[in-house]
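*Asks:* You'll find data01.csv just under this line, and it carries CSV, C-alpha atoms.
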```
chain,number,residue,atom,x,y,z
A,1,MET,CA,1.0,-5.3,-21.1
A,2,LEU,CA,-2.1,-4.1,-19.4
A,3,GLU,CA,-4.6,-6.9,-18.5
A,4,HIS,CA,-7.9,-7.0,-16.7
A,5,LEU,CA,-9.4,-9.6,-14.3
A,6,ASP,CA,-13.2,-9.7,-14.2
A,7,THR,CA,-14.3,-10.4,-10.6
A,8,GLY,CA,-18.0,-10.4,-11.3
A,9,ALA,CA,-18.4,-7.1,-9.4
A,10,GLY,CA,-15.9,-5.1,-11.6
A,11,THR,CA,-12.6,-5.4,-13.3
A,12,ILE,CA,-9.1,-5.2,-11.8
A,13,ALA,CA,-6.3,-3.8,-14.0
A,14,TYR,CA,-2.8,-5.2,-13.7
A,15,ASP,CA,0.3,-5.8,-15.6
A,16,VAL,CA,2.7,-8.7,-15.3
A,17,THR,CA,6.5,-8.4,-15.9
A,18,GLY,CA,9.2,-11.0,-15.6
A,19,THR,CA,9.3,-14.7,-14.9
A,20,GLY,CA,9.7,-16.7,-11.7
A,21,PRO,CA,8.0,-16.8,-8.3
A,22,LEU,CA,5.1,-14.4,-8.1
A,23,VAL,CA,5.1,-11.0,-6.2
A,24,VAL,CA,1.9,-8.9,-6.2
A,25,LEU,CA,2.2,-5.2,-5.6
A,26,ALA,CA,-0.8,-3.2,-4.3
A,27,HIS,CA,-0.7,0.6,-3.8
A,28,GLY,CA,-2.5,2.9,-1.5
A,29,MET,CA,-5.7,5.0,-1.9
A,30,GLY,CA,-5.7,7.8,-4.4
A,31,ASP,CA,-2.7,6.2,-6.3
A,32,SER,CA,-2.2,3.6,-9.0
A,33,ARG,CA,0.2,0.8,-9.9
A,34,HIS,CA,2.6,3.6,-11.2
A,35,SER,CA,3.4,4.1,-7.5
A,36,TYR,CA,5.8,1.1,-7.8
A,37,ARG,CA,7.6,2.4,-10.9
A,38,PHE,CA,11.0,2.3,-9.1
A,39,ILE,CA,10.5,-1.2,-7.6
A,40,VAL,CA,9.2,-3.3,-10.5
A,41,PRO,CA,12.3,-3.3,-12.7
A,42,GLU,CA,14.5,-4.3,-9.8
A,43,LEU,CA,12.3,-7.2,-8.7
A,44,VAL,CA,12.1,-8.4,-12.3
A,45,ALA,CA,15.9,-8.2,-12.6
A,46,ALA,CA,16.2,-10.3,-9.4
A,47,GLY,CA,14.2,-13.1,-11.0
A,48,TYR,CA,10.6,-12.5,-10.0
A,49,ARG,CA,7.3,-12.4,-11.8
A,50,VAL,CA,5.7,-9.1,-10.7
A,51,ALA,CA,2.0,-8.4,-10.9
A,52,ASN,CA,1.5,-4.7,-10.4
A,53,VAL,CA,-2.2,-4.0,-9.5
A,54,ASP,CA,-4.5,-1.1,-9.7
A,55,ILE,CA,-6.8,-1.7,-6.7
A,56,ARG,CA,-10.5,-1.3,-7.2
A,57,GLY,CA,-11.6,2.2,-8.2
A,58,ALA,CA,-8.0,3.3,-9.0
A,59,GLY,CA,-5.8,3.6,-12.1
A,60,ASP,CA,-7.3,1.5,-14.9
A,61,SER,CA,-9.5,-0.6,-12.8
A,62,SER,CA,-13.3,0.0,-12.9
A,63,THR,CA,-15.2,2.3,-10.7
A,64,GLY,CA,-18.6,2.1,-9.1
A,65,TRP,CA,-17.8,-0.7,-6.7
A,66,ALA,CA,-20.3,-1.3,-4.0
A,67,SER,CA,-17.6,-1.3,-1.3
A,68,TYR,CA,-14.0,-0.4,-0.9
A,69,GLU,CA,-13.2,-2.1,2.4
A,70,ARG,CA,-9.9,-3.8,3.0
A,71,ALA,CA,-11.6,-7.2,2.9
A,72,ASP,CA,-12.9,-6.4,-0.6
A,73,ILE,CA,-9.5,-5.4,-1.8
A,74,ALA,CA,-8.1,-8.6,-0.2
A,75,GLY,CA,-10.6,-10.7,-2.1
A,76,ASP,CA,-9.5,-9.0,-5.4
A,77,LEU,CA,-5.8,-9.7,-4.6
A,78,VAL,CA,-6.4,-13.4,-3.8
A,79,ALA,CA,-8.5,-13.8,-6.9
A,80,LEU,CA,-5.6,-12.4,-8.9
A,81,VAL,CA,-3.0,-14.7,-7.3
A,82,ARG,CA,-5.2,-17.7,-8.1
A,83,HIS,CA,-5.7,-16.4,-11.7
A,84,LEU,CA,-2.0,-16.0,-12.3
A,85,GLY,CA,-0.9,-19.1,-10.3
A,86,GLY,CA,0.6,-18.7,-7.0
A,87,PRO,CA,1.7,-18.9,-4.3
A,88,ALA,CA,2.7,-15.2,-4.0
A,89,VAL,CA,4.1,-12.6,-1.6
A,90,VAL,CA,1.8,-9.6,-1.5
A,91,VAL,CA,3.3,-6.2,-0.9
A,92,GLY,CA,0.6,-3.7,0.2
A,93,GLN,CA,1.0,0.0,1.0
A,94,SER,CA,-1.4,1.9,3.3
A,95,ILE,CA,-4.9,0.6,2.8
A,96,SER,CA,-3.5,-2.3,0.8
A,97,GLY,CA,-1.3,-3.2,3.8
A,98,GLY,CA,-4.4,-4.0,5.7
A,99,ALA,CA,-5.8,-5.9,2.6
A,100,ALA,CA,-2.6,-8.0,2.5
A,101,THR,CA,-3.2,-9.0,6.1
A,102,ILE,CA,-6.7,-10.2,5.3
A,103,ALA,CA,-5.5,-12.0,2.1
A,104,ALA,CA,-2.9,-13.9,4.1
A,105,ALA,CA,-5.3,-14.8,6.9
A,106,THR,CA,-8.0,-16.1,4.5
A,107,ALA,CA,-5.9,-17.7,1.8
A,108,PRO,CA,-2.7,-19.2,3.5
A,109,ASP,CA,-2.0,-21.5,0.6
A,110,ASP,CA,-2.0,-18.7,-1.9
A,111,VAL,CA,-0.3,-15.9,0.1
A,112,VAL,CA,3.0,-17.1,1.7
A,113,GLY,CA,4.3,-13.8,2.8
A,114,ILE,CA,3.2,-10.2,3.2
A,115,VAL,CA,5.1,-6.9,3.2
A,116,GLU,CA,3.2,-3.9,4.6
A,117,LEU,CA,4.5,-0.5,3.8
A,118,ALA,CA,3.1,2.2,6.1
A,119,PRO,CA,0.0,0.1,6.6
A,120,PHE,CA,-3.4,0.9,8.0
A,121,THR,CA,-3.9,-2.5,9.5
A,122,ARG,CA,-5.4,-1.8,13.0
A,123,LYS,CA,-8.4,0.1,14.3
A,124,GLN,CA,-7.3,3.7,14.8
A,125,SER,CA,-8.0,5.9,17.8
A,126,PHE,CA,-8.0,9.7,17.9
A,127,ASP,CA,-4.7,10.9,19.3
A,128,LEU,CA,-5.3,14.4,20.6
A,129,VAL,CA,-2.0,14.6,22.4
A,130,GLY,CA,-0.1,13.4,19.3
A,131,LEU,CA,-1.9,16.0,17.2
A,132,LEU,CA,-0.9,18.7,19.6
A,133,ARG,CA,2.7,17.6,19.9
A,134,ASN,CA,3.5,16.6,16.3
A,135,ARG,CA,3.2,19.4,13.8
A,136,THR,CA,3.6,17.1,10.8
A,137,HIS,CA,0.9,14.7,12.0
A,138,ARG,CA,-1.4,17.7,12.6
A,139,ALA,CA,-0.8,19.2,9.2
A,140,GLY,CA,-1.3,15.9,7.4
A,141,THR,CA,-4.5,15.1,9.4
A,142,MET,CA,-6.0,18.5,8.5
A,143,GLN,CA,-5.5,18.0,4.8
A,144,LEU,CA,-7.0,14.5,5.0
A,145,LEU,CA,-10.0,15.9,6.8
A,146,LYS,CA,-10.5,18.4,4.0
A,147,LEU,CA,-10.5,15.5,1.5
A,148,MET,CA,-12.9,13.4,3.6
A,149,THR,CA,-15.4,16.1,4.2
A,150,THR,CA,-15.4,18.1,1.0
A,151,GLY,CA,-13.6,16.0,-1.6
A,152,SER,CA,-10.9,18.6,-1.8
A,153,LEU,CA,-8.4,17.7,-4.5
A,154,PRO,CA,-6.0,20.6,-3.3
A,155,GLY,CA,-6.3,19.0,0.2
A,156,TRP,CA,-5.2,15.7,-1.1
A,157,LEU,CA,-2.3,17.2,-3.1
A,158,ALA,CA,-1.2,19.1,0.0
A,159,TYR,CA,-1.3,15.9,2.0
A,160,LEU,CA,0.9,14.2,-0.5
A,161,ASP,CA,3.4,17.1,-0.3
A,162,ILE,CA,3.6,16.5,3.4
A,163,ALA,CA,3.6,12.7,3.2
A,164,ILE,CA,6.5,12.6,0.8
A,165,PRO,CA,9.1,14.8,2.5
A,166,THR,CA,11.9,13.9,0.1
A,167,LYS,CA,10.5,14.1,-3.5
A,168,PRO,CA,11.6,11.7,-6.2
A,169,ALA,CA,13.2,13.3,-9.3
A,170,ASP,CA,10.0,12.8,-11.3
A,171,TRP,CA,7.7,14.2,-8.6
A,172,THR,CA,6.4,17.2,-10.6
A,173,GLU,CA,5.3,14.9,-13.4
A,174,GLU,CA,3.9,12.3,-11.0
A,175,ARG,CA,2.0,14.8,-9.0
A,176,ARG,CA,0.4,16.2,-12.2
A,177,ARG,CA,-0.6,12.7,-13.2
A,178,ILE,CA,-2.3,12.0,-9.9
A,179,GLU,CA,-4.1,15.4,-10.1
A,180,SER,CA,-5.3,14.7,-13.6
A,181,THR,CA,-6.7,11.3,-12.6
A,182,LEU,CA,-8.5,12.6,-9.5
A,183,GLN,CA,-10.1,15.3,-11.5
A,184,GLN,CA,-12.3,12.5,-12.8
A,185,PRO,CA,-15.4,12.5,-10.4
A,186,GLU,CA,-15.6,8.7,-10.3
A,187,ARG,CA,-12.0,8.4,-9.2
A,188,MET,CA,-12.4,11.0,-6.5
A,189,ALA,CA,-15.5,9.3,-5.3
A,190,ALA,CA,-13.5,6.0,-4.9
A,191,LEU,CA,-10.8,7.8,-3.0
A,192,ARG,CA,-13.3,9.5,-0.6
A,193,ALA,CA,-15.0,6.1,-0.1
A,194,MET,CA,-11.7,4.6,0.9
A,195,THR,CA,-11.0,7.4,3.4
A,196,LYS,CA,-14.2,6.5,5.2
A,197,THR,CA,-13.3,2.8,5.6
A,198,SER,CA,-12.0,1.4,8.9
A,199,PRO,CA,-8.9,-0.9,9.2
A,200,ALA,CA,-10.7,-2.8,12.0
A,201,ASP,CA,-11.5,-5.6,9.6
A,202,ALA,CA,-7.8,-6.1,9.0
A,203,GLY,CA,-6.9,-5.8,12.6
A,204,ALA,CA,-9.4,-8.5,13.5
A,205,ARG,CA,-7.4,-10.9,11.3
A,206,LEU,CA,-3.9,-10.2,12.4
A,207,GLY,CA,-4.0,-13.1,14.8
A,208,ASP,CA,-5.0,-15.5,12.0
A,209,VAL,CA,-1.9,-14.8,9.8
A,210,ARG,CA,0.4,-17.7,9.6
A,211,CYS,CA,3.1,-16.5,7.1
A,212,PRO,CA,6.1,-14.2,7.6
A,213,VAL,CA,5.3,-10.4,7.8
A,214,LEU,CA,7.6,-7.5,7.1
A,215,VAL,CA,6.3,-4.1,8.3
A,216,VAL,CA,8.1,-1.0,7.0
A,217,GLU,CA,7.3,2.4,8.5
A,218,GLY,CA,8.8,5.9,7.8
A,219,SER,CA,9.7,7.9,10.9
A,220,ALA,CA,8.3,11.1,9.2
A,221,ASP,CA,5.0,9.5,8.2
A,222,PRO,CA,2.3,12.2,9.0
A,223,ASP,CA,-0.4,9.6,9.5
A,224,TRP,CA,0.8,8.8,13.0
A,225,ALA,CA,2.3,10.9,15.8
A,226,ASP,CA,4.6,7.9,16.4
A,227,PRO,CA,4.9,5.6,13.4
A,228,ARG,CA,7.3,3.2,15.2
A,229,ALA,CA,4.7,2.7,17.9
A,230,GLU,CA,2.0,1.9,15.3
A,231,GLY,CA,4.3,-0.7,13.7
A,232,GLU,CA,5.0,-2.2,17.0
A,233,ARG,CA,1.3,-2.5,17.7
A,234,VAL,CA,0.8,-4.4,14.4
A,235,LEU,CA,3.5,-6.8,15.4
A,236,ALA,CA,2.1,-7.3,18.8
A,237,ASP,CA,-1.2,-8.4,17.4
A,238,LEU,CA,0.4,-11.0,15.1
A,239,PRO,CA,1.3,-14.5,16.3
A,240,ASP,CA,4.7,-14.5,18.1
A,241,GLY,CA,7.7,-14.6,15.9
A,242,LEU,CA,6.0,-13.8,12.5
A,243,GLY,CA,6.6,-10.1,12.2
A,244,THR,CA,9.6,-7.9,11.7
A,245,LEU,CA,9.5,-4.1,11.9
A,246,VAL,CA,11.9,-1.7,10.2
A,247,VAL,CA,11.5,2.1,10.5
A,248,LEU,CA,13.2,4.2,7.8
A,249,ASP,CA,14.6,7.4,9.2
A,250,GLY,CA,13.2,10.6,7.7
A,251,VAL,CA,10.9,8.7,5.3
A,252,GLY,CA,7.2,9.5,5.0
A,253,HIS,CA,4.1,7.5,4.0
A,254,TYR,CA,5.4,6.3,0.6
A,255,PRO,CA,8.7,4.5,1.3
A,256,HIS,CA,8.6,2.6,-2.0
A,257,THR,CA,8.5,6.0,-3.8
A,258,GLU,CA,10.7,8.0,-1.6
A,259,ALA,CA,13.4,5.5,-0.6
A,260,PRO,CA,13.1,2.6,-3.2
A,261,ALA,CA,16.7,1.5,-2.7
A,262,GLU,CA,16.2,1.1,1.1
A,263,VAL,CA,12.9,-0.8,0.5
A,264,LEU,CA,14.5,-3.1,-1.9
A,265,THR,CA,17.3,-3.8,0.5
A,266,LEU,CA,14.6,-5.1,2.9
A,267,LEU,CA,12.3,-6.7,0.3
A,268,LEU,CA,14.7,-8.9,-1.6
A,269,PRO,CA,16.0,-10.9,1.4
A,270,PHE,CA,12.4,-11.3,2.6
A,271,LEU,CA,11.4,-12.6,-0.8
A,272,GLY,CA,14.3,-15.0,-0.8
A,273,ARG,CA,13.2,-16.5,2.5
A,274,THR,CA,9.5,-16.8,1.8
A,275,LEU,CA,9.1,-17.7,-1.9
A,276,PRO,CA,10.0,-21.1,-3.4
A,277,SER,CA,13.7,-21.7,-3.7
A,278,VAL,CA,13.5,-21.5,-7.5
A,279,ALA,CA,13.9,-17.8,-7.1
A,280,GLY,CA,17.4,-18.3,-5.9
A,281,ASP,CA,18.1,-20.7,-8.7
A,282,GLN,CA,17.0,-18.1,-11.3
A,283,ARG,CA,19.2,-15.4,-9.8
A,284,ALA,CA,22.3,-17.6,-9.6
```
Show the structure stored in the file as structure tokens.
*Replies:*
Amino acid sequence: MLEHLDTGAGTIAYDVTGTGPLVVLAHGMGDSRHSYRFIVPELVAAGYRVANVDIRGAGDSSTGWASYERADIAGDLVALVRHLGGPAVVVGQSISGGAATIAAATAPDDVVGIVELAPFTRKQSFDLVGLLRNRTHRAGTMQLLKLMTTGSLPGWLAYLDIAIPTKPADWTEERRRIESTLQQPERMAALRAMTKTSPADAGARLGDVRCPVLVVEGSADPDWADPRAEGERVLADLPDGLGTLVVLDGVGHYPHTEAPAEVLTLLLPFLGRTLPSVAGDQRA
């Protein structure tokens, strides 16, 4: 059932399924909680209470927020964990991967583990050599630039076609749903605002994280010339021993959509290690 959390600055939409230890799912920009459609049922079946969130400006959450920085999204996620009763593991993709970092750093009693899927968690630098050498990276970057500069919906849809090299069976319907949502001017405005944020606020907090971190990259992610190197840099900025990196071969920027079985193979053991032991009792 769809619910809303009033933060005072706007409302965050979410739904909760299942019982047990809490897992919070947060999607990337231009998307919605529907992004985790293949993940939620499996987590519920494994004995978890899953809160699937529309981040501010997306899905059924309100628009017109003053800011869409990762720190703002992190505050929303922490507020939701406290509202539902944590602690929780937060799973964040892309912009929400950075938000998960900040949530863990600022609320260690509430966030006991984070999973970052293709995260933008560090300050980015322009990689001219990477653009010249990596055709996929170049093509994806060009489409994102169209979106940032002109609000081009075709540019965003073309980016998605590059960023998800192996399409899920329902991709035609899902792509149509995303297109319909972003035809709403207020939703497109939120997406463009997110493209102009910097992950530097998340990168500045990597050293303050105290919980286990799982970073999942796709080797075919067009957002970086070398996704593995980006993941390794995230781990290097964390305290020693906290982070684990897995790179999924041939997967793009949406591993939870493109390779949900592989993501679950990584996610379920991580949850078993980081959430209260009652999770194991419920699955027994």
*Asks:* Return as a Markdown table the residues of region 138-195 of chain A lying at most 12 Å from region 33-36 of chain A, together with the closest atom-to-atom pair for each and the distance in Å to one decimal, counting all atoms listed in the file, with rows in chain order and ascending residue number.
*Replies:*
```
| residue | atom | partner | partner_atom | distance |
| --- | --- | --- | --- | --- |
| A:Pro168 | CA | A:Ser35 | CA | 11.3 |
| A:Asp170 | CA | A:Ser35 | CA | 11.6 |
| A:Trp171 | CA | A:Ser35 | CA | 11.0 |
| A:Glu173 | CA | A:His34 | CA | 11.8 |
| A:Glu174 | CA | A:His34 | CA | 8.8 |
| A:Arg175 | CA | A:Ser35 | CA | 10.9 |
| A:Arg177 | CA | A:His34 | CA | 9.9 |
| A:Ile178 | CA | A:His34 | CA | 9.8 |
```
*Asks:* Keeping only C-alpha atoms, take the residues you just selected and write them out as a tab-separated table (two decimals), in the frame of the given file.
*Replies:*
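And here is the file that came out, out.tsv:
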```tsv
chain	number	residue	atom	x	y	z
A	168	PRO	CA	11.60	11.70	-6.20
A	170	ASP	CA	10.00	12.80	-11.30
A	171	TRP	CA	7.70	14.20	-8.60
A	173	GLU	CA	5.30	14.90	-13.40
A	174	GLU	CA	3.90	12.30	-11.00
A	175	ARG	CA	2.00	14.80	-9.00
A	177	ARG	CA	-0.60	12.70	-13.20
A	178	ILE	CA	-2.30	12.00	-9.90
```
*Asks:* Tell me which protein, DNA and RNA residues are within 12 Å of Arg37 (chain A), counting only C-alpha atoms, leaving out same-chain ones fewer than 5 positions away, and put them as a tab-separated table (two decimals) with C-alpha atoms, keeping the file's coordinate frame.
*Replies:*
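Contents of selection_12.tsv, freshly written:
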```
chain	number	residue	atom	x	y	z
A	15	ASP	CA	0.30	-5.80	-15.60
A	17	THR	CA	6.50	-8.40	-15.90
A	25	LEU	CA	2.20	-5.20	-5.60
A	27	HIS	CA	-0.70	0.60	-3.80
A	31	ASP	CA	-2.70	6.20	-6.30
A	32	SER	CA	-2.20	3.60	-9.00
A	42	GLU	CA	14.50	-4.30	-9.80
A	43	LEU	CA	12.30	-7.20	-8.70
A	44	VAL	CA	12.10	-8.40	-12.30
A	50	VAL	CA	5.70	-9.10	-10.70
A	52	ASN	CA	1.50	-4.70	-10.40
A	53	VAL	CA	-2.20	-4.00	-9.50
A	168	PRO	CA	11.60	11.70	-6.20
A	170	ASP	CA	10.00	12.80	-11.30
A	174	GLU	CA	3.90	12.30	-11.00
A	256	HIS	CA	8.60	2.60	-2.00
A	257	THR	CA	8.50	6.00	-3.80
A	258	GLU	CA	10.70	8.00	-1.60
A	260	PRO	CA	13.10	2.60	-3.20
```
*Asks:* Quote the spacing between CA of Leu206 (chain A) and CA of Asp110 (chain A) in Å to one decimal place.
*Replies:* 16.7 Å
*Asks:* Which is closer to Gly97 (chain A) than all the others in A:Leu147, A:Leu214, A:Leu84, A:Leu238, using all atoms listed in the file?
*Replies:*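 Of all the options, A:Leu214 lies closest to Gly97 (chain A).
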*Asks:* Write out as a compact mmCIF listing (two decimals) with C-alpha atoms, keeping the file's coordinate frame the residues lying within 12 Å of Ala118 (chain A), counting all atoms listed in the file and excluding same-chain residues fewer than 4 positions away.
*Replies:*
```
# COMPACT_ATOMS: atom_id res chain seq x y z
CA HIS A 27 -0.70 0.60 -3.80
CA GLY A 28 -2.50 2.90 -1.50
CA VAL A 91 3.30 -6.20 -0.90
CA GLY A 92 0.60 -3.70 0.20
CA GLN A 93 1.00 0.00 1.00
CA SER A 94 -1.40 1.90 3.30
CA ILE A 95 -4.90 0.60 2.80
CA SER A 96 -3.50 -2.30 0.80
CA GLY A 97 -1.30 -3.20 3.80
CA GLY A 98 -4.40 -4.00 5.70
CA ARG A 122 -5.40 -1.80 13.00
CA ALA A 163 3.60 12.70 3.20
CA LEU A 214 7.60 -7.50 7.10
CA VAL A 215 6.30 -4.10 8.30
CA VAL A 216 8.10 -1.00 7.00
CA GLU A 217 7.30 2.40 8.50
CA GLY A 218 8.80 5.90 7.80
CA SER A 219 9.70 7.90 10.90
CA ALA A 220 8.30 11.10 9.20
CA ASP A 221 5.00 9.50 8.20
CA PRO A 222 2.30 12.20 9.00
CA ASP A 223 -0.40 9.60 9.50
CA TRP A 224 0.80 8.80 13.00
CA ASP A 226 4.60 7.90 16.40
CA PRO A 227 4.90 5.60 13.40
CA ARG A 228 7.30 3.20 15.20
CA ALA A 229 4.70 2.70 17.90
CA GLU A 230 2.00 1.90 15.30
CA GLY A 231 4.30 -0.70 13.70
CA GLU A 232 5.00 -2.20 17.00
CA VAL A 234 0.80 -4.40 14.40
CA LEU A 245 9.50 -4.10 11.90
CA VAL A 246 11.90 -1.70 10.20
CA VAL A 247 11.50 2.10 10.50
CA LEU A 248 13.20 4.20 7.80
CA VAL A 251 10.90 8.70 5.30
CA GLY A 252 7.20 9.50 5.00
CA HIS A 253 4.10 7.50 4.00
CA TYR A 254 5.40 6.30 0.60
CA PRO A 255 8.70 4.50 1.30
CA HIS A 256 8.60 2.60 -2.00
CA THR A 257 8.50 6.00 -3.80
CA VAL A 263 12.90 -0.80 0.50
```
*Asks:* Using all atoms listed in the file, which residues sit within 12 Å of Ile102 (chain A) once same-chain residues fewer than 5 positions away are excluded, as a PyMOL selection string?
*Replies:* chain A and resi 69-78+90+92+95-97+107-108+111+113-114+116+120-122+199-211
*Asks:* Store the residues picked out above, limited to C-alpha atoms, as an mmCIF file, in the coordinates of the input.
*Replies:*
```cif
data_model
loop_
_atom_site.group_PDB
_atom_site.id
_atom_site.type_symbol
_atom_site.label_atom_id
_atom_site.label_comp_id
_atom_site.auth_asym_id
_atom_site.auth_seq_id
_atom_site.Cartn_x
_atom_site.Cartn_y
_atom_site.Cartn_z
ATOM 1 C CA GLU A 69 -13.200 -2.100 2.400
ATOM 2 C CA ARG A 70 -9.900 -3.800 3.000
ATOM 3 C CA ALA A 71 -11.600 -7.200 2.900
ATOM 4 C CA ASP A 72 -12.900 -6.400 -0.600
ATOM 5 C CA ILE A 73 -9.500 -5.400 -1.800
ATOM 6 C CA ALA A 74 -8.100 -8.600 -0.200
ATOM 7 C CA GLY A 75 -10.600 -10.700 -2.100
ATOM 8 C CA ASP A 76 -9.500 -9.000 -5.400
ATOM 9 C CA LEU A 77 -5.800 -9.700 -4.600
ATOM 10 C CA VAL A 78 -6.400 -13.400 -3.800
ATOM 11 C CA VAL A 90 1.800 -9.600 -1.500
ATOM 12 C CA GLY A 92 0.600 -3.700 0.200
ATOM 13 C CA ILE A 95 -4.900 0.600 2.800
ATOM 14 C CA SER A 96 -3.500 -2.300 0.800
ATOM 15 C CA GLY A 97 -1.300 -3.200 3.800
ATOM 16 C CA ALA A 107 -5.900 -17.700 1.800
ATOM 17 C CA PRO A 108 -2.700 -19.200 3.500
ATOM 18 C CA VAL A 111 -0.300 -15.900 0.100
ATOM 19 C CA GLY A 113 4.300 -13.800 2.800
ATOM 20 C CA ILE A 114 3.200 -10.200 3.200
ATOM 21 C CA GLU A 116 3.200 -3.900 4.600
ATOM 22 C CA PHE A 120 -3.400 0.900 8.000
ATOM 23 C CA THR A 121 -3.900 -2.500 9.500
ATOM 24 C CA ARG A 122 -5.400 -1.800 13.000
ATOM 25 C CA PRO A 199 -8.900 -0.900 9.200
ATOM 26 C CA ALA A 200 -10.700 -2.800 12.000
ATOM 27 C CA ASP A 201 -11.500 -5.600 9.600
ATOM 28 C CA ALA A 202 -7.800 -6.100 9.000
ATOM 29 C CA GLY A 203 -6.900 -5.800 12.600
ATOM 30 C CA ALA A 204 -9.400 -8.500 13.500
ATOM 31 C CA ARG A 205 -7.400 -10.900 11.300
ATOM 32 C CA LEU A 206 -3.900 -10.200 12.400
ATOM 33 C CA GLY A 207 -4.000 -13.100 14.800
ATOM 34 C CA ASP A 208 -5.000 -15.500 12.000
ATOM 35 C CA VAL A 209 -1.900 -14.800 9.800
ATOM 36 C CA ARG A 210 0.400 -17.700 9.600
ATOM 37 C CA CYS A 211 3.100 -16.500 7.100
#
```
*Asks:* Which residue gives the smallest distance to Ala79 (chain A) among A:Arg233, A:Arg135, A:His4, A:Lys167, with all atoms listed in the file counted?
*Replies:*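 Among A:Arg233, A:Arg135, A:His4, A:Lys167, it is A:His4 that comes nearest to Ala79 (chain A).
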*Asks:* For the atom pair CA of Gly243 (chain A) and CA of Val40 (chain A), what is the interatomic distance in Å to one decimal place?
*Replies:* 23.8 Å
*Asks:* Work out how far apart CA of Pro21 (chain A) and CA of Tyr48 (chain A) are and give it in Å to one decimal.
*Replies:*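 Taking CA of Pro21 (chain A) as the start and CA of Tyr48 (chain A) as the end point, the length is 5.3 Å.
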*Asks:* I want to know what sits within 8 Å of Tyr68 (chain A), based on all atoms listed in the file, with residues of the same chain fewer than 5 positions away left out; could you give that as a ChimeraX atom specification?
*Replies:* /A:56,73,190,193-194,197
*Asks:* Can you work out which one of A:Ala58, A:Ala236, A:Ile164, A:Leu275 has the shortest atom-to-atom distance to Gly86 (chain A), counting all atoms listed in the file?
*Replies:*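 So, comparing all the options, the nearest one is A:Leu275.
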*Asks:* For Arg49 (chain A), which residue among A:Leu268, A:Val16, A:Ala66, A:Met29 is the nearest when counting only C-alpha atoms?
*Replies:*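 The answer is A:Val16, which sits nearest to Arg49 (chain A).
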*Asks:* Find the residue from A:Leu191, A:Val213, A:Phe38, A:Glu179 that sits nearest to Asp237 (chain A); use all atoms listed in the file when measuring.
*Replies:* A:Val213
*Asks:* Which residue is closest to Ala139 (chain A)? Choose from A:Gly155, A:Gly250, A:Pro185, A:Gly85 and count all atoms listed in the file.
*Replies:*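 Ranking A:Gly155, A:Gly250, A:Pro185, A:Gly85 by distance to Ala139 (chain A), first place goes to A:Gly155.
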*Asks:* Show me, as a ChimeraX atom specification, the residues that have an atom within 9 Å of Ser61 (chain A) when counting only C-alpha atoms, minus same-chain residues fewer than 2 positions from it.
*Replies:* /A:4,10-14,53-59,63
